[in-house]
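Here is the structure we will look at, set down as structure tokens.
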Amino acid sequence: MEEITAEFEVQALVAPVELRFRPLVSVGAKTDMGRVRENNEDKHEFFIPETEQELAGKGLLFVVCDGMGGHEAGQIASELATKTFIDVYRNHTSETEGALRGAVAAANRFVHDVGRSVQARRGMGSTLSSLILLQDQGFIAQVGDSRVYRLREGELQQLTIDHTWVEETVRAGMMSREAAEASPYRHMITRAIGPEADVIPDIFQMTLMPGDVFMLCSDGVTNHVEDPDIHQILANHGPSEAAWKLVGAALVGGGSDNATVVVVRIDDVVDVVGGTG
């Protein structure tokens, strides 16, 4: 998996792209308010194009956002972040990485401006974890501590890096992983959509393989469901049942937060030009 760090520059209108590979997928999703919260600040959406032109140039899009802020501001932030990101990405004139950066920047500006204009929403924000399936490639744009996992050939891997104080401390070698998991600061986010005027997403790219299973989720799931249990559920159930079981496990484990899961299985990657899967 390769992290893309090049600066984004707006490009001229991109010429139509030929559809060379068509990813065939099965999708399941589930969200729940949890056992403690009085509203659901999570938001999830996906968009699967019907035209070959958009499928070739933009691909399939999946997003999970987890809002934060009092007086229902978190719910508003996640809603604004999700729809702005999708709209801008779909209509952006840059190549994929640039379109993702532009979509994140637009979502951040919108949430930030709304937060500044309404006192009760000041400082509101949202995580954003997105997955793009484009031709035979997968792209992830990540801000915050919602996560994207991949189950491939029996191995579960967390593809995203949490933007939290404890994760940065662990990576700097100043805290053990065990201490981080018990830290009262483990949910202190260092990067989010909205609180600051600018935000830089992590963007990753990978080649898709038939049989890959991706899971996008809010931290209301990973707070209560350990990786071995995530692995077991994804490996033994289809996308819809897996999404329901994962959210159910989060509720049984405590349900201390809103819990949202989107599961995407790559059933095949069809070579449209060569005529093979």
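Each chain in the structure tokens gets a letter, A, B and so on, in the order shown; residues start at 1 in every chain, and ligands are counted from 1 in the order they appear.
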As a ChimeraX atom specification, please: the residues near segment 96-112 of chain A (cut-off 8 Å, only C-alpha atoms, same-chain neighbours under 5 positions excluded). /A:4,8-10,58,77,80-82,84-89,123-125,141,193-201,203
Could those residues be written to a file, using C-alpha atoms, as a PDB file, in the first residue's frame?
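What follows is the written file again20.pdb:
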```
ATOM      1  CA  ILE A   4       0.417   9.590  -1.747  1.00  0.00           C
ATOM      2  CA  PHE A   8      -2.565  18.767  -5.123  1.00  0.00           C
ATOM      3  CA  GLU A   9      -2.734  21.133  -8.087  1.00  0.00           C
ATOM      4  CA  VAL A  10      -5.981  21.898  -9.899  1.00  0.00           C
ATOM      5  CA  LYS A  58     -14.744   8.305 -10.692  1.00  0.00           C
ATOM      6  CA  ALA A  77     -21.150  18.328  10.729  1.00  0.00           C
ATOM      7  CA  LEU A  80     -22.445  18.366   5.669  1.00  0.00           C
ATOM      8  CA  ALA A  81     -19.085  16.609   5.395  1.00  0.00           C
ATOM      9  CA  THR A  82     -20.556  13.514   3.754  1.00  0.00           C
ATOM     10  CA  THR A  84     -20.125  17.860   0.275  1.00  0.00           C
ATOM     11  CA  PHE A  85     -17.330  15.311  -0.101  1.00  0.00           C
ATOM     12  CA  ILE A  86     -19.402  13.122  -2.427  1.00  0.00           C
ATOM     13  CA  ASP A  87     -20.724  15.995  -4.543  1.00  0.00           C
ATOM     14  CA  VAL A  88     -17.337  17.645  -4.994  1.00  0.00           C
ATOM     15  CA  TYR A  89     -15.483  14.399  -5.703  1.00  0.00           C
ATOM     16  CA  GLY A 123     -15.795  24.160  16.712  1.00  0.00           C
ATOM     17  CA  MET A 124     -17.963  21.351  15.354  1.00  0.00           C
ATOM     18  CA  GLY A 125     -16.266  18.726  13.265  1.00  0.00           C
ATOM     19  CA  ALA A 141      -9.023   9.346   1.883  1.00  0.00           C
ATOM     20  CA  ILE A 193     -13.106  17.964   9.146  1.00  0.00           C
ATOM     21  CA  GLY A 194     -14.197  21.440  10.249  1.00  0.00           C
ATOM     22  CA  PRO A 195     -12.468  22.664  13.423  1.00  0.00           C
ATOM     23  CA  GLU A 196      -9.559  24.310  11.554  1.00  0.00           C
ATOM     24  CA  ALA A 197      -9.540  26.308   8.338  1.00  0.00           C
ATOM     25  CA  ASP A 198      -7.421  23.674   6.586  1.00  0.00           C
ATOM     26  CA  VAL A 199      -6.921  19.934   6.939  1.00  0.00           C
ATOM     27  CA  ILE A 200      -4.632  17.464   5.168  1.00  0.00           C
ATOM     28  CA  PRO A 201      -6.037  13.973   4.500  1.00  0.00           C
ATOM     29  CA  ILE A 203      -4.547   9.226   0.869  1.00  0.00           C
TER      30      ILE A 203
END
```
Counting only C-alpha atoms, which residues in segment 104-129 of chain A sit no more than 12 Å from segment 155-168 of chain A? For each one, give the nearest pair of atoms and the distance in Å, sorted by chain then residue number, as JSON lines.
```
{"residue": "A:Ser126", "atom": "CA", "partner": "A:His163", "partner_atom": "CA", "distance": 12.0}
{"residue": "A:Thr127", "atom": "CA", "partner": "A:His163", "partner_atom": "CA", "distance": 9.3}
{"residue": "A:Leu128", "atom": "CA", "partner": "A:His163", "partner_atom": "CA", "distance": 10.9}
{"residue": "A:Ser129", "atom": "CA", "partner": "A:Thr160", "partner_atom": "CA", "distance": 8.5}
```
Save the residues we just selected, N, CA and C atoms, as a PDB file, in the first residue's frame?
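Below is the file that was written, out_33.pdb:
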```pdb
ATOM      1  N   SER A 126     -15.982  16.607  12.172  1.00  0.00           N
ATOM      2  CA  SER A 126     -16.346  15.245  11.797  1.00  0.00           C
ATOM      3  C   SER A 126     -15.107  14.497  11.326  1.00  0.00           C
ATOM      4  N   THR A 127     -15.089  13.212  11.566  1.00  0.00           N
ATOM      5  CA  THR A 127     -14.122  12.360  10.899  1.00  0.00           C
ATOM      6  C   THR A 127     -14.610  12.138   9.470  1.00  0.00           C
ATOM      7  N   LEU A 128     -13.735  11.585   8.629  1.00  0.00           N
ATOM      8  CA  LEU A 128     -14.150  11.192   7.286  1.00  0.00           C
ATOM      9  C   LEU A 128     -13.251  10.054   6.823  1.00  0.00           C
ATOM     10  N   SER A 129     -13.869   8.921   6.556  1.00  0.00           N
ATOM     11  CA  SER A 129     -13.159   7.777   5.975  1.00  0.00           C
ATOM     12  C   SER A 129     -13.880   7.397   4.700  1.00  0.00           C
TER      13      SER A 129
END
```
For the helix (DSSP H, G or I) assignment from backbone DSSP, which residues of segment 97-206 of chain A qualify? Please present them as a PyMOL selection string. chain A and resi 97-117+119-121+165-171+177-182
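For the pair atom CA of Asn236 of chain A and atom CA of Gly154 of chain A, the separation is 10.6 Å.
Within the 7 Å cut-off around Gly138 of chain A, using only C-alpha atoms and omitting residues fewer than 4 positions from it on the same chain, the listed residues are Leu131, Ile132, Leu133, Leu134, Gln205, Met206, Thr207 and Leu208 of chain A.
The environment of Arg122 of chain A within 9 Å, counting only C-alpha atoms and disregarding residues fewer than 4 places along the same chain, consists of A:Gly69, A:Ala73, A:His112, A:Val114, A:Gly115, A:Arg116, A:Ser117, A:Val118, A:Pro195.
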Write out the residues from the selection above, keeping N, CA and C atoms, as a PDB file, in the first residue's frame.
```
ATOM      1  N   GLY A  69     -19.419  17.577  18.501  1.00  0.00           N
ATOM      2  CA  GLY A  69     -19.872  18.919  18.841  1.00  0.00           C
ATOM      3  C   GLY A  69     -21.203  18.871  19.545  1.00  0.00           C
ATOM      4  N   ALA A  73     -24.614  19.599  16.925  1.00  0.00           N
ATOM      5  CA  ALA A  73     -23.688  20.102  15.915  1.00  0.00           C
ATOM      6  C   ALA A  73     -22.945  18.969  15.231  1.00  0.00           C
ATOM      7  N   HIS A 112     -16.365  24.146   8.464  1.00  0.00           N
ATOM      8  CA  HIS A 112     -15.695  25.218   9.212  1.00  0.00           C
ATOM      9  C   HIS A 112     -16.485  26.517   9.149  1.00  0.00           C
ATOM     10  N   VAL A 114     -19.727  26.967   8.493  1.00  0.00           N
ATOM     11  CA  VAL A 114     -20.984  26.856   9.234  1.00  0.00           C
ATOM     12  C   VAL A 114     -20.718  26.928  10.737  1.00  0.00           C
ATOM     13  N   GLY A 115     -19.643  26.297  11.195  1.00  0.00           N
ATOM     14  CA  GLY A 115     -19.301  26.355  12.607  1.00  0.00           C
ATOM     15  C   GLY A 115     -18.989  27.762  13.087  1.00  0.00           C
ATOM     16  N   ARG A 116     -18.355  28.541  12.234  1.00  0.00           N
ATOM     17  CA  ARG A 116     -18.028  29.923  12.609  1.00  0.00           C
ATOM     18  C   ARG A 116     -19.251  30.831  12.587  1.00  0.00           C
ATOM     19  N   SER A 117     -20.221  30.505  11.742  1.00  0.00           N
ATOM     20  CA  SER A 117     -21.368  31.401  11.565  1.00  0.00           C
ATOM     21  C   SER A 117     -22.455  31.208  12.606  1.00  0.00           C
ATOM     22  N   VAL A 118     -22.472  30.053  13.276  1.00  0.00           N
ATOM     23  CA  VAL A 118     -23.501  29.763  14.291  1.00  0.00           C
ATOM     24  C   VAL A 118     -22.810  29.466  15.612  1.00  0.00           C
ATOM     25  N   PRO A 195     -12.934  21.785  12.353  1.00  0.00           N
ATOM     26  CA  PRO A 195     -12.468  22.664  13.423  1.00  0.00           C
ATOM     27  C   PRO A 195     -11.455  23.717  12.989  1.00  0.00           C
TER      28      PRO A 195
END
```
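Nearest to Gln53 of chain A of all the residues A:Val143, A:Val225, A:Val17, A:Met188 is A:Val17, counting only C-alpha atoms.
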I need the strand (DSSP E or B) residues of segment 68-186 of chain A per DSSP on the backbone, written as a CSV table (one decimal) with N, CA and C atoms, in the first residue's frame.
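result-v3.csv was written with the following content:
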```csv
chain,number,residue,atom,x,y,z
A,68,MET,N,-18.8,15.5,15.7
A,68,MET,CA,-18.6,15.8,17.1
A,68,MET,C,-19.0,17.3,17.3
A,125,GLY,N,-17.1,19.4,14.2
A,125,GLY,CA,-16.3,18.7,13.3
A,125,GLY,C,-16.7,17.3,13.0
A,126,SER,N,-16.0,16.6,12.2
A,126,SER,CA,-16.3,15.2,11.8
A,126,SER,C,-15.1,14.5,11.3
A,128,LEU,N,-13.7,11.6,8.6
A,128,LEU,CA,-14.1,11.2,7.3
A,128,LEU,C,-13.3,10.1,6.8
A,129,SER,N,-13.9,8.9,6.6
A,129,SER,CA,-13.2,7.8,6.0
A,129,SER,C,-13.9,7.4,4.7
A,130,SER,N,-13.2,7.4,3.6
A,130,SER,CA,-13.8,7.1,2.3
A,130,SER,C,-13.0,6.1,1.5
A,131,LEU,N,-13.7,5.3,0.7
A,131,LEU,CA,-13.1,4.3,-0.1
A,131,LEU,C,-13.7,4.5,-1.5
A,132,ILE,N,-12.7,4.6,-2.5
A,132,ILE,CA,-13.1,4.7,-3.9
A,132,ILE,C,-12.6,3.4,-4.6
A,133,LEU,N,-13.5,2.7,-5.3
A,133,LEU,CA,-13.1,1.6,-6.2
A,133,LEU,C,-13.2,2.0,-7.6
A,134,LEU,N,-12.0,2.2,-8.2
A,134,LEU,CA,-11.9,2.8,-9.5
A,134,LEU,C,-11.1,1.9,-10.4
A,137,GLN,N,-8.3,-0.4,-9.1
A,137,GLN,CA,-7.6,0.2,-8.0
A,137,GLN,C,-8.6,0.7,-6.9
A,138,GLY,N,-8.0,0.7,-5.6
A,138,GLY,CA,-8.8,1.2,-4.5
A,138,GLY,C,-8.0,2.4,-4.0
A,139,PHE,N,-8.8,3.5,-3.6
A,139,PHE,CA,-8.2,4.7,-3.0
A,139,PHE,C,-8.9,4.9,-1.7
A,140,ILE,N,-8.2,5.4,-0.7
A,140,ILE,CA,-8.7,5.8,0.6
A,140,ILE,C,-8.3,7.2,0.9
A,141,ALA,N,-9.3,8.0,1.3
A,141,ALA,CA,-9.0,9.3,1.9
A,141,ALA,C,-9.5,9.3,3.3
A,142,GLN,N,-8.6,9.7,4.2
A,142,GLN,CA,-8.8,9.6,5.7
A,142,GLN,C,-8.5,10.8,6.5
A,143,VAL,N,-9.5,11.2,7.3
A,143,VAL,CA,-9.3,12.3,8.3
A,143,VAL,C,-10.0,11.8,9.6
A,147,ARG,N,-12.3,4.3,10.7
A,147,ARG,CA,-11.3,3.4,10.2
A,147,ARG,C,-11.8,2.7,8.9
A,148,VAL,N,-10.8,2.2,8.1
A,148,VAL,CA,-11.0,1.3,7.0
A,148,VAL,C,-10.1,0.1,7.2
A,149,TYR,N,-10.7,-1.1,7.2
A,149,TYR,CA,-10.0,-2.3,7.3
A,149,TYR,C,-10.2,-3.1,5.9
A,150,ARG,N,-9.3,-4.0,5.7
A,150,ARG,CA,-9.4,-4.9,4.6
A,150,ARG,C,-9.1,-6.4,5.0
A,151,LEU,N,-10.0,-7.3,4.6
A,151,LEU,CA,-9.7,-8.7,4.8
A,151,LEU,C,-9.3,-9.2,3.5
A,152,ARG,N,-8.1,-9.7,3.4
A,152,ARG,CA,-7.6,-10.3,2.1
A,152,ARG,C,-6.9,-11.6,2.4
A,155,GLU,N,-6.3,-12.5,6.0
A,155,GLU,CA,-5.5,-11.6,6.8
A,155,GLU,C,-6.3,-10.3,6.9
A,156,LEU,N,-6.6,-9.8,8.2
A,156,LEU,CA,-7.2,-8.6,8.4
A,156,LEU,C,-6.2,-7.5,8.6
A,157,GLN,N,-6.3,-6.4,7.9
A,157,GLN,CA,-5.4,-5.3,8.0
A,157,GLN,C,-6.1,-4.0,8.2
A,158,GLN,N,-5.7,-3.2,9.2
A,158,GLN,CA,-6.2,-1.8,9.3
A,158,GLN,C,-5.5,-0.9,8.3
A,164,THR,N,-5.1,10.5,16.1
A,164,THR,CA,-5.3,10.8,17.5
A,164,THR,C,-4.0,11.0,18.2
```
Who sits within 9 Å of segment 248-262 of chain A, only C-alpha atoms, same chain under 5 positions skipped, as number ranges by chain: A: 27-37, 39-46, 62-66, 214-225, 229, 239-240, 242-243
Name the closest residue to Leu19 of chain A among the candidates A:Gln135, A:Asn91, A:Glu50, A:Leu246; distances are taken between atoms, counting only C-alpha atoms. A:Gln135
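Nearest residue to Thr51 of chain A, choosing from A:Glu181, A:Arg22, A:Arg191, A:Ser94 and counting only C-alpha atoms: A:Arg22.
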